[in-house]
file run00.txt (compact mmCIF, C-alpha atoms)
# COMPACT_ATOMS: atom_id res chain seq x y z
CA MET F 16 -14.57 -38.48 -17.04
CA GLY F 17 -11.99 -39.93 -14.65
CA SER F 18 -12.80 -41.59 -11.37
CA LEU F 19 -11.99 -38.55 -9.19
CA PHE F 20 -14.33 -36.34 -11.19
CA ALA F 21 -16.98 -39.05 -11.10
CA GLU F 22 -16.64 -39.27 -7.32
CA LEU F 23 -16.95 -35.48 -7.01
CA ALA F 24 -20.07 -35.55 -9.21
CA ARG F 25 -21.60 -38.32 -7.11
CA GLN F 26 -20.97 -36.43 -3.87
CA ALA F 27 -21.98 -32.95 -5.15
CA PRO F 28 -25.53 -32.88 -3.67
CA THR F 29 -24.33 -34.26 -0.33
CA ASN F 30 -21.43 -31.85 -0.15
CA ALA F 31 -23.67 -28.91 -1.10
CA CYS F 32 -26.08 -29.89 1.68
CA ARG F 33 -23.16 -29.98 4.13
CA GLU F 34 -22.17 -26.47 3.04
CA VAL F 35 -25.68 -25.11 3.60
CA ASP F 36 -25.84 -26.78 7.04
CA THR F 37 -22.46 -25.22 7.91
CA TYR F 38 -23.76 -21.76 7.04
CA LEU F 39 -26.77 -22.34 9.29
CA ARG F 40 -24.55 -23.48 12.14
CA GLU F 41 -21.71 -20.96 11.82
CA ILE F 42 -23.34 -17.74 10.56
CA PRO F 43 -26.21 -16.31 12.65
CA GLU F 44 -27.62 -14.27 9.75
CA PHE F 45 -28.43 -17.47 7.85
CA ARG F 46 -30.71 -18.73 10.63
CA SER F 47 -33.53 -16.67 9.11
CA TRP F 48 -33.75 -19.52 6.58
CA GLU F 49 -35.95 -21.29 9.10
CA THR F 50 -38.70 -18.91 8.01
CA LYS F 51 -37.41 -18.45 4.44
CA PRO F 52 -37.20 -21.90 2.83
CA ARG F 53 -36.89 -20.39 -0.65
CA ALA F 54 -33.63 -18.63 0.28
CA LYS F 55 -32.25 -21.89 1.63
CA ALA F 56 -33.28 -23.75 -1.54
CA GLU F 57 -31.63 -21.10 -3.76
CA THR F 58 -28.38 -21.38 -1.79
CA MET F 59 -28.50 -25.16 -2.12
CA GLU F 60 -29.07 -24.86 -5.88
CA TYR F 61 -26.14 -22.45 -6.25
CA SER F 62 -23.87 -24.68 -4.17
CA VAL F 63 -24.62 -27.71 -6.33
CA TRP F 64 -24.18 -25.68 -9.53
CA LEU F 65 -20.76 -24.41 -8.50
CA ARG F 66 -19.53 -27.93 -7.74
CA ARG F 67 -20.77 -29.23 -11.06
CA ARG F 68 -19.13 -26.38 -12.97
CA THR F 69 -15.88 -27.25 -11.20
CA ILE F 70 -16.21 -30.83 -12.41
CA GLU F 71 -17.08 -29.73 -15.96
CA LEU F 72 -14.34 -27.14 -16.41
CA SER F 73 -11.34 -28.41 -14.45
CA PRO F 74 -10.44 -31.48 -16.60
CA ASP F 75 -9.56 -29.18 -19.53
CA ASN F 76 -8.54 -26.25 -17.29
CA SER F 77 -11.29 -24.16 -18.91
CA GLU F 78 -12.14 -20.78 -17.41
CA LEU F 79 -15.43 -19.76 -15.88
CA THR F 80 -17.44 -18.10 -18.65
CA ASP F 81 -18.83 -14.58 -18.57
CA ASP F 82 -22.27 -16.08 -17.94
CA ASP F 83 -20.84 -18.04 -15.00
CA LEU F 84 -19.34 -14.88 -13.49
CA ARG F 85 -22.57 -12.95 -14.00
CA TYR F 86 -24.46 -15.69 -12.15
CA ILE F 87 -21.95 -15.60 -9.28
CA ALA F 88 -22.19 -11.79 -9.14
CA ALA F 89 -25.99 -12.09 -9.07
CA ILE F 90 -25.72 -14.32 -6.00
CA GLY F 91 -23.61 -11.63 -4.33
CA GLU F 92 -26.31 -9.09 -5.19
CA VAL F 93 -29.04 -11.31 -3.73
CA ARG F 94 -27.11 -11.73 -0.48
CA ALA F 95 -26.42 -7.98 -0.17
CA ASP F 96 -30.05 -7.17 -1.00
CA ALA F 97 -31.13 -9.48 1.82
CA GLY F 98 -29.07 -7.34 4.21
CA MET F 99 -26.08 -9.62 4.72
CA SER F 100 -23.28 -7.85 6.59
CA SER F 101 -19.76 -7.57 5.24
CA ASP F 102 -18.47 -9.77 8.07
CA SER F 103 -20.89 -12.54 7.13
CA ARG F 104 -20.01 -12.15 3.45
CA GLN F 105 -16.34 -12.68 4.25
CA GLN F 106 -17.20 -15.67 6.43
CA VAL F 107 -19.27 -17.21 3.61
CA LEU F 108 -16.35 -16.92 1.19
CA GLN F 109 -13.93 -18.47 3.69
CA LEU F 110 -16.26 -21.34 4.56
CA HIS F 111 -17.08 -22.03 0.92
CA THR F 112 -13.39 -22.20 -0.05
CA THR F 113 -12.57 -24.45 2.90
CA LEU F 114 -15.44 -26.81 2.19
CA MET F 115 -14.70 -27.06 -1.54
CA LEU F 116 -11.11 -28.02 -0.73
CA ARG F 117 -12.40 -30.57 1.77
CA ASP F 118 -14.67 -32.06 -0.90
CA ILE F 119 -11.69 -32.59 -3.20
CA HIS F 120 -9.52 -34.02 -0.43
CA GLU F 121 -12.21 -36.46 0.72
CA ALA F 122 -12.94 -37.62 -2.83
CA ALA F 123 -9.23 -38.36 -3.33
CA GLU F 124 -9.10 -40.24 -0.02
CA ASN F 125 -12.15 -42.34 -0.98
CA LEU F 126 -10.24 -43.43 -4.09
CA ARG F 127 -7.18 -44.23 -1.91
CA GLY F 128 -5.09 -41.58 -3.66
CA GLY F 129 -4.92 -43.37 -6.99
CA GLU F 130 -5.88 -40.40 -9.17
CA VAL F 131 -2.95 -38.03 -8.63
CA GLU F 132 -3.11 -36.57 -12.15
CA GLU F 133 -6.80 -35.73 -11.81
CA LEU F 134 -6.21 -34.30 -8.35
CA MET F 135 -3.55 -31.99 -9.78
CA GLN F 136 -5.93 -30.99 -12.59
CA VAL F 137 -8.70 -29.91 -10.25
CA MET F 138 -6.33 -28.14 -7.84
CA THR F 139 -4.60 -26.29 -10.70
CA TRP F 140 -8.03 -25.09 -11.87
CA PHE F 141 -9.42 -24.25 -8.44
CA ALA F 142 -7.01 -21.50 -7.33
CA PRO F 143 -7.25 -19.04 -10.26
CA GLN F 144 -10.92 -19.71 -11.05
CA GLY F 145 -11.82 -19.56 -7.38
CA ASP F 146 -10.24 -16.10 -7.22
CA ARG F 147 -12.23 -14.97 -10.27
CA GLY F 148 -15.42 -16.24 -8.70
CA ILE F 149 -14.71 -14.43 -5.42
CA VAL F 150 -14.04 -11.16 -7.26
CA ALA F 151 -17.33 -11.49 -9.16
CA TYR F 152 -19.22 -12.24 -5.93
CA ARG F 153 -17.70 -9.20 -4.19
CA GLN F 154 -18.50 -6.96 -7.14
CA GLY F 155 -22.12 -8.08 -7.08
CA PHE F 156 -22.23 -7.40 -3.35
CA VAL F 157 -20.78 -3.90 -3.79
CA THR F 158 -23.21 -3.11 -6.63
CA VAL F 159 -26.12 -3.41 -4.21
CA LEU F 160 -24.36 -1.51 -1.43
CA ARG F 161 -23.84 1.43 -3.78
CA ARG F 162 -27.56 1.43 -4.52
CA ARG F 163 -28.77 1.01 -0.94
CA LEU F 164 -26.30 2.98 1.21
CA PRO F 165 -25.79 6.75 1.42
CA TYR F 166 -22.35 7.99 0.39
CA VAL F 167 -21.13 8.51 3.95
CA GLU F 168 -22.10 4.96 4.92
CA GLN F 169 -20.29 3.59 1.88
CA VAL F 170 -17.18 5.51 2.93
CA ALA F 171 -17.53 4.15 6.49
CA LEU F 172 -17.78 0.62 5.10
CA LEU F 173 -14.61 1.24 3.07
CA ALA F 174 -12.83 2.44 6.23
CA ARG F 175 -13.89 -0.67 8.15
CA SER F 176 -12.78 -2.89 5.27
CA LEU F 177 -9.35 -1.26 5.16
CA LEU F 178 -8.92 -1.47 8.92
CA THR F 179 -9.81 -5.16 9.03
CA GLY F 180 -7.88 -6.19 5.92
CA ASP F 181 -11.06 -7.09 4.00
CA PRO F 182 -10.27 -7.59 0.26
CA MET F 183 -13.61 -5.95 -0.57
CA ALA F 184 -11.91 -2.60 0.12
CA ALA F 185 -10.54 -2.51 -3.44
CA ASP F 186 -14.02 -2.91 -4.96
CA LEU F 187 -15.53 -0.31 -2.62
CA ALA F 188 -12.77 2.19 -3.38
CA GLU F 189 -13.31 1.77 -7.12
CA ALA F 190 -17.06 2.25 -6.68
CA LEU F 191 -16.43 5.46 -4.69
CA ASP F 192 -13.82 6.71 -7.18
CA LEU F 193 -11.17 6.72 -4.45
CA GLN F 194 -7.68 5.42 -5.13
CA LEU F 195 -6.17 3.12 -2.54
CA PRO F 196 -2.71 4.49 -1.66
CA GLU F 197 0.32 2.37 -0.86
CA PHE F 198 0.85 4.09 2.50
CA CYS F 199 -1.64 5.53 4.98
CA ALA F 200 -1.90 7.33 8.31
CA VAL F 201 -4.57 5.81 10.52
CA THR F 202 -5.92 8.61 12.69
CA VAL F 203 -8.09 8.13 15.78
CA ILE F 204 -9.85 11.21 17.18
CA ARG F 205 -11.06 10.47 20.70
CA VAL F 206 -14.25 12.29 21.67
CA PRO F 207 -15.19 12.07 25.38
CA ASP F 208 -18.76 11.57 26.55
CA ARG F 209 -20.88 14.55 25.50
CA PRO F 210 -23.90 16.10 27.31
CA LEU F 211 -27.34 14.83 26.39
CA GLY F 212 -28.23 18.18 24.85
CA ASP F 213 -25.50 17.89 22.20
CA ARG F 214 -26.75 16.83 18.78
CA GLY F 215 -25.26 13.91 16.90
CA LEU F 216 -22.11 14.21 14.82
CA ASP F 217 -23.58 13.01 11.53
CA VAL F 218 -23.44 16.45 9.89
CA GLU F 219 -19.84 17.10 10.96
CA ILE F 220 -18.66 13.68 9.82
CA GLU F 221 -20.42 13.96 6.47
CA ALA F 222 -18.85 17.39 5.84
CA LEU F 223 -15.42 16.05 6.82
CA VAL F 224 -15.69 13.04 4.52
CA LYS F 225 -16.84 15.09 1.55
CA THR F 226 -14.19 17.78 2.07
CA HIS F 227 -11.19 15.52 2.61
CA ARG F 228 -12.37 12.53 0.52
CA VAL F 229 -10.83 9.95 2.83
CA PRO F 230 -12.38 6.83 4.35
CA ALA F 231 -13.67 7.60 7.85
CA VAL F 232 -15.96 5.82 10.31
CA TRP F 233 -17.47 6.71 13.68
CA TYR F 234 -17.26 4.12 16.46
CA PRO F 235 -19.50 5.09 19.41
CA GLU F 236 -18.39 4.14 22.90
CA ASN F 237 -20.90 1.84 24.60
CA GLY F 238 -23.10 3.55 27.16
CA THR F 239 -21.89 7.05 26.31
CA ARG F 240 -22.33 9.73 23.69
CA GLY F 241 -18.62 9.77 23.00
CA GLY F 242 -16.52 7.55 20.78
CA GLU F 243 -13.82 7.55 18.13
CA LEU F 244 -13.70 8.97 14.65
CA ILE F 245 -11.23 6.87 12.68
CA ALA F 246 -9.89 8.10 9.35
CA VAL F 247 -7.51 6.47 6.86
CA VAL F 248 -5.49 9.28 5.26
CA PRO F 249 -3.15 8.66 2.29
CA CYS F 250 0.48 9.66 2.87
CA ALA F 251 3.89 9.39 1.22
CA ASP F 252 6.30 6.63 2.16
CA GLU F 253 8.66 9.09 3.90
CA ALA F 254 5.87 9.83 6.41
CA LEU F 255 6.54 6.39 7.90
CA ARG F 256 9.94 7.66 9.10
CA LEU F 257 8.95 11.12 10.34
CA PRO F 258 8.05 11.81 13.98
CA SER F 259 5.25 14.27 13.15
CA ALA F 260 1.88 13.64 11.52
CA PRO F 261 1.44 14.36 7.78
CA ASP F 262 -0.05 17.75 6.91
CA ALA F 263 -3.21 16.14 5.53
CA VAL F 264 -3.83 14.49 8.90
CA ALA F 265 -3.30 17.77 10.76
CA ASP F 266 -5.79 19.50 8.44
CA LEU F 267 -8.42 16.81 8.97
CA VAL F 268 -7.99 16.80 12.76
CA GLY F 269 -8.16 20.60 12.89
CA ASP F 270 -11.34 20.73 10.81
CA PHE F 271 -13.07 18.09 12.93
CA ALA F 272 -11.99 19.65 16.25
CA GLU F 273 -13.28 23.06 15.15
CA ALA F 274 -16.61 21.62 13.98
CA LEU F 275 -16.97 19.46 17.12
CA GLY F 276 -16.66 22.46 19.44
CA ARG F 277 -15.61 20.29 22.39
CA PRO F 278 -12.23 19.03 23.69
CA CYS F 279 -10.89 15.94 21.95
CA ALA F 280 -7.59 14.13 21.39
CA ALA F 281 -6.06 12.65 18.25
CA GLY F 282 -3.44 9.98 17.68
CA THR F 283 -2.04 8.83 14.36
CA ALA F 284 0.15 5.97 13.14
CA THR F 285 1.50 5.40 9.63
CA ALA F 286 1.83 2.05 7.87
CA PRO F 287 1.72 0.34 4.45
CA LEU F 288 -1.79 -0.45 3.25
CA ASP F 289 -1.59 -4.13 4.24
CA GLU F 290 -0.58 -3.28 7.83
CA LEU F 291 -3.45 -0.95 8.71
CA PRO F 292 -5.04 -3.21 11.38
CA ALA F 293 -1.83 -2.97 13.46
CA ALA F 294 -1.58 0.77 12.77
CA LEU F 295 -5.11 1.19 14.11
CA GLU F 296 -4.11 -0.42 17.40
CA ARG F 297 -1.13 1.95 17.69
CA ALA F 298 -3.20 5.03 16.84
CA ARG F 299 -5.83 4.05 19.39
CA ARG F 300 -3.25 3.74 22.15
CA ILE F 301 -1.68 7.05 21.19
CA SER F 302 -5.04 8.85 21.21
CA LYS F 303 -5.79 7.48 24.68
CA SER F 304 -2.43 8.74 25.95
CA ALA F 305 -2.73 12.14 24.24
CA PRO F 306 -4.13 15.01 26.32
CA LEU F 307 -7.49 16.49 25.43
CA GLY F 308 -7.05 19.68 23.43
CA LYS F 309 -9.26 22.73 23.01
CA PRO F 310 -11.64 22.66 20.03
CA SER F 311 -9.51 24.54 17.54
CA ARG F 312 -8.07 24.17 14.07
CA ARG F 313 -4.68 24.21 15.79
CA LEU F 314 -5.35 20.95 17.61
CA ARG F 315 -2.56 18.66 16.48
CA PRO F 316 -2.54 14.88 16.10
CA TYR F 317 -0.08 13.12 18.40
CA THR F 318 2.34 10.43 17.24
CA VAL F 319 4.45 7.81 19.01
CA ALA F 320 7.23 10.38 19.37
CA ASP F 321 4.93 12.62 21.43
CA VAL F 322 3.76 10.06 23.96
CA PHE F 323 6.32 7.28 23.86
CA VAL F 324 7.23 7.77 27.54
CA GLU F 325 3.60 7.34 28.57
CA LEU F 326 3.24 4.29 26.32
CA ALA F 327 6.51 2.80 27.58
CA VAL F 328 5.32 3.13 31.17
CA ALA F 329 2.20 1.25 30.10
CA ASP F 330 4.50 -1.47 28.67
CA VAL F 331 3.16 -1.20 25.12
CA PRO F 332 5.16 -3.72 22.97
CA PHE F 333 5.39 -1.63 19.80
CA ILE F 334 7.34 1.10 21.64
CA ASP F 335 10.34 -1.22 21.95
CA ALA F 336 10.26 -1.94 18.19
CA TRP F 337 9.92 1.78 17.41
CA LEU F 338 12.93 2.74 19.55
CA HIS F 339 15.00 -0.01 17.89
CA ALA F 340 13.98 1.36 14.47
CA VAL F 341 15.14 4.87 15.46
CA ALA F 342 18.44 3.41 16.70
CA ARG F 343 18.96 1.52 13.43
CA SER F 344 18.40 4.71 11.44
CA LEU F 345 21.47 6.19 13.18
CA GLU F 346 23.80 3.42 11.99
CA PRO F 347 24.80 5.00 8.61
CA GLY F 348 26.10 8.15 10.32
CA PRO F 349 29.62 8.74 11.75
CA ASP F 350 29.63 8.05 15.51
CA LEU F 351 26.15 9.50 15.92
CA VAL F 352 25.24 7.60 19.09
CA ALA F 353 28.46 8.75 20.80
CA THR F 354 27.86 12.29 19.56
CA LEU F 355 24.33 12.38 20.99
CA ASP F 356 25.56 10.89 24.25
CA ALA F 357 28.14 13.67 24.65
CA TYR F 358 25.63 16.32 23.54
CA TYR F 359 23.05 15.37 26.16
CA ARG F 360 25.59 14.66 28.94
CA HIS F 361 26.84 18.23 28.50
CA ASP F 362 23.32 19.71 28.65
CA MET F 363 23.36 20.40 24.88
CA ASN F 364 26.31 22.80 25.26
CA ARG F 365 27.95 22.65 21.83
CA GLY F 366 31.41 23.75 22.92
CA ALA F 367 31.61 21.33 25.86
CA ALA F 368 30.24 18.44 23.82
CA ALA F 369 32.66 19.09 20.95
CA ALA F 370 35.60 19.24 23.37
CA ALA F 371 34.58 15.96 24.98
CA LEU F 372 34.46 14.37 21.53
CA ASN F 373 37.71 16.06 20.50
CA VAL F 374 36.08 17.50 17.36
CA HIS F 375 35.44 21.02 16.04
CA PRO F 376 32.03 22.50 16.97
CA ARG F 377 31.17 22.63 13.24
CA THR F 378 31.79 18.87 13.06
CA LEU F 379 29.40 18.46 15.96
CA ASP F 380 26.83 20.60 14.14
CA TYR F 381 27.23 18.46 11.01
CA ARG F 382 26.63 15.28 13.01
CA LEU F 383 23.54 16.71 14.70
CA ARG F 384 22.15 17.73 11.30
CA ARG F 385 22.87 14.19 10.09
CA VAL F 386 20.85 12.82 13.03
CA ALA F 387 17.92 15.02 12.02
CA GLU F 388 18.19 13.86 8.39
CA LEU F 389 18.27 10.17 9.27
CA THR F 390 15.61 10.13 11.98
CA GLY F 391 13.44 13.12 11.13
CA ILE F 392 13.94 14.28 14.75
CA ASP F 393 15.74 17.49 15.73
CA PRO F 394 18.10 16.56 18.60
CA ALA F 395 17.55 19.97 20.23
CA SER F 396 13.74 19.72 20.15
CA THR F 397 11.52 18.36 22.90
CA HIS F 398 11.01 15.27 20.71
CA GLY F 399 14.77 14.91 20.39
CA ILE F 400 15.52 15.18 24.07
CA ARG F 401 12.83 12.65 24.99
CA THR F 402 13.34 10.21 22.16
CA LEU F 403 16.99 10.32 21.21
CA SER F 404 18.29 10.40 24.76
CA THR F 405 16.29 7.24 25.43
CA VAL F 406 17.65 5.62 22.26
CA VAL F 407 21.23 6.50 23.27
CA THR F 408 20.79 5.14 26.79
CA ARG F 409 19.34 1.88 25.50
CA ARG F 410 22.01 1.47 22.82
CA LEU F 411 24.94 2.15 25.15
CA SER F 412 23.51 -0.20 27.78
CA GLY F 413 23.12 -2.93 25.16
CA SER F 414 19.29 -2.99 25.37

call {"tool": "encode", "arguments": {"input": "run00.txt", "output": "structure tokens"}}
result
Amino acid sequence: MGSLFAELARQAPTNACREVDTYLREIPEFRSWETKPRAKAETMEYSVWLRRRTIELSPDNSELTDDDLRYIAAIGEVRADAGMSSDSRQQVLQLHTTLMLRDIHEAAENLRGGEVEELMQVMTWFAPQGDRGIVAYRQGFVTVLRRRLPYVEQVALLARSLLTGDPMAADLAEALDLQLPEFCAVTVIRVPDRPLGDRGLDVEIEALVKTHRVPAVWYPENGTRGGELIAVVPCADEALRLPSAPDAVADLVGDFAEALGRPCAAGTATAPLDELPAALERARRISKSAPLGKPSRRLRPYTVADVFVELAVADVPFIDAWLHAVARSLEPGPDLVATLDAYYRHDMNRGAAAAALNVHPRTLDYRLRRVAELTGIDPASTHGIRTLSTVVTRRLSGS
């Protein structure tokens, strides 16, 4: 064994102890070890074992064995069985990775950098095998959650994982037999404070989740009986360019509003799967700007196109980016910005607008249809007047 590996072996117990102390200091849930010395000892044993397996396997770039992965998964099961939260689980994985890399860096520094080949060996091993270990740990964690949590709580945990970018979402989705789509519409249904006599919403939420089979989670508002129901609804990629909510979102919102029986408001924002945290922020702002609607299946989810004026007045940054995106979508068309400018300046009178542009009215109609195709917004609709007139004004003013 080379000198770097020997140094890592010598420091393994000390480094494992430092890892355990870091957990105690950084993660509140681990402070119960003060009354559970056995749990602390088991974590110390696992930490030492993992460092020694790194030293044993990395010189030959050997993979973790099936037995190794089963042991790592068992540790994930133990932690989940002890009631560790998903947030703490993610923090453990991040701290462990950071500290293992620090161990390697410090060992190399102690040897004054003279073992470059060995350093490359251990780093080449660490990345892929570290990933395999993390996957096994997560799978063990999820195995226990499936056993301990009711279906609706598992779905809520999946929703939270998706909305925070937690990699465990993939394992949870597989366990729930739900496929993670490439694109989603994050939908926030805002429920105002309800009277004390109203029962909880557990039954309505459970029925919604089982009917629509989408991840959903209820976030209560502190000090009230209101809150937000947040759902992650799969959608097609073209939904990202349309001003209206996908049909599946409208169905879900209508079902919940009807079951709720009280006024509520819904906002939705579409995004690729890896951008859901930002989409959640947009959907939340939209739902807060949307008016409360009567409890009916016809209650519709609002989008940026519906409330962009209200959001712009509130100086919401993503409105500027959205308007720029709409403007860019007009670029492939023939003189579309000038056409819209003439159309709105002449109060949407086709003949007057066509004359101002010196084109036939049918040419004007073609261009307006082209606008609708490129943006998904009908220039003659309320959406079109509000949105496209703003886009034209900004583009012509150079904004």

call {"tool": "residues_around", "arguments": {"input": "run00.txt", "residues": "Ser103 of chain F", "least_positions_apart": "3", "cutoff": "8 Å", "atoms": "all atoms listed in the file", "output": "list of chain:residue names"}}
result
F:Ile42, F:Glu44, F:Met99, F:Ser100, F:Gln106, F:Val107

call {"tool": "closest_atom_pairs", "arguments": {"input": "run00.txt", "of": "segment 177-241 of chain F", "to": "segment 258-277 of chain F", "cutoff": "8 Å", "atoms": "only C-alpha atoms", "output": "Markdown table"}}
result
| residue | atom | partner | partner_atom | distance |
| --- | --- | --- | --- | --- |
| F:Ala200 | CA | F:Val264 | CA | 7.4 |
| F:Thr202 | CA | F:Val264 | CA | 7.3 |
| F:Ile204 | CA | F:Val268 | CA | 7.4 |
| F:Leu216 | CA | F:Leu275 | CA | 7.7 |
| F:Glu219 | CA | F:Ala274 | CA | 6.3 |
| F:Ile220 | CA | F:Phe271 | CA | 7.8 |
| F:Leu223 | CA | F:Phe271 | CA | 6.9 |
| F:His227 | CA | F:Leu267 | CA | 7.1 |

call {"tool": "write_last_selection", "arguments": {"input": "run00.txt", "atoms": "C-alpha atoms", "output": "CSV table (one decimal), keeping the file's coordinate frame"}}
result
chain,number,residue,atom,x,y,z
F,200,ALA,CA,-1.9,7.3,8.3
F,202,THR,CA,-5.9,8.6,12.7
F,204,ILE,CA,-9.8,11.2,17.2
F,216,LEU,CA,-22.1,14.2,14.8
F,219,GLU,CA,-19.8,17.1,11.0
F,220,ILE,CA,-18.7,13.7,9.8
F,223,LEU,CA,-15.4,16.0,6.8
F,227,HIS,CA,-11.2,15.5,2.6

call {"tool": "closest_residue", "arguments": {"input": "run00.txt", "among": "F:Cys279, F:Ala320, F:Leu307, F:Val224", "to": "Gly241 of chain F", "atoms": "all atoms listed in the file"}}
result
F:Cys279

call {"tool": "residues_around", "arguments": {"input": "run00.txt", "residues": "Leu84 of chain F", "least_positions_apart": "5", "cutoff": "7 Å", "atoms": "only C-alpha atoms", "output": "compact mmCIF listing (two decimals) with C-alpha atoms, keeping the file's coordinate frame"}}
result
# COMPACT_ATOMS: atom_id res chain seq x y z
CA LEU F 79 -15.43 -19.76 -15.88
CA GLY F 148 -15.42 -16.24 -8.70
CA ALA F 151 -17.33 -11.49 -9.16

call {"tool": "closest_residue", "arguments": {"input": "run00.txt", "among": "F:Pro28, F:Gly215, F:Pro207, F:Gly145", "to": "Thr113 of chain F", "atoms": "only C-alpha atoms"}}
result
F:Gly145

call {"tool": "residues_around", "arguments": {"input": "run00.txt", "residues": "Asp118 of chain F", "least_positions_apart": "3", "cutoff": "10 Å", "atoms": "all atoms listed in the file", "output": "ChimeraX atom specification"}}
result
/F:22-23,26-27,29-31,66,112-115,121-124

call {"tool": "atom_distance", "arguments": {"input": "run00.txt", "atom1": "atom CA of Val203 of chain F", "atom2": "atom CA of Pro316 of chain F"}}
result
8.7 Å

call {"tool": "closest_residue", "arguments": {"input": "run00.txt", "among": "F:Arg240, F:Arg25, F:Lys225, F:Arg117", "to": "Ile70 of chain F", "atoms": "only C-alpha atoms"}}
result
F:Arg25

call {"tool": "atom_distance", "arguments": {"input": "run00.txt", "atom1": "atom CA of Ala340 of chain F", "atom2": "atom CA of Glu253 of chain F"}}
result
14.1 Å

call {"tool": "closest_residue", "arguments": {"input": "run00.txt", "among": "F:Ala174, F:Val93, F:Leu351, F:Ala284", "to": "Ala231 of chain F", "atoms": "only C-alpha atoms"}}
result
F:Ala174

call {"tool": "residues_around", "arguments": {"input": "run00.txt", "residues": "Val170 of chain F", "least_positions_apart": "5", "cutoff": "9 Å", "atoms": "only C-alpha atoms", "output": "number ranges by chain"}}
result
F: 165, 175, 187-188, 191, 224, 228-232

call {"tool": "atom_distance", "arguments": {"input": "run00.txt", "atom1": "atom CA of Arg313 of chain F", "atom2": "atom CA of Leu195 of chain F"}}
result
28.0 Å

call {"tool": "residues_around", "arguments": {"input": "run00.txt", "residues": "Val324 of chain F", "least_positions_apart": "4", "cutoff": "12 Å", "atoms": "all atoms listed in the file", "output": "ChimeraX atom specification"}}
result
/F:301,304-305,318-320,328-331,334-335,338,398,400-406

call {"tool": "closest_residue", "arguments": {"input": "run00.txt", "among": "F:Ala190, F:Val150, F:Leu134, F:Leu372", "to": "Tyr166 of chain F", "atoms": "all atoms listed in the file"}}
result
F:Ala190
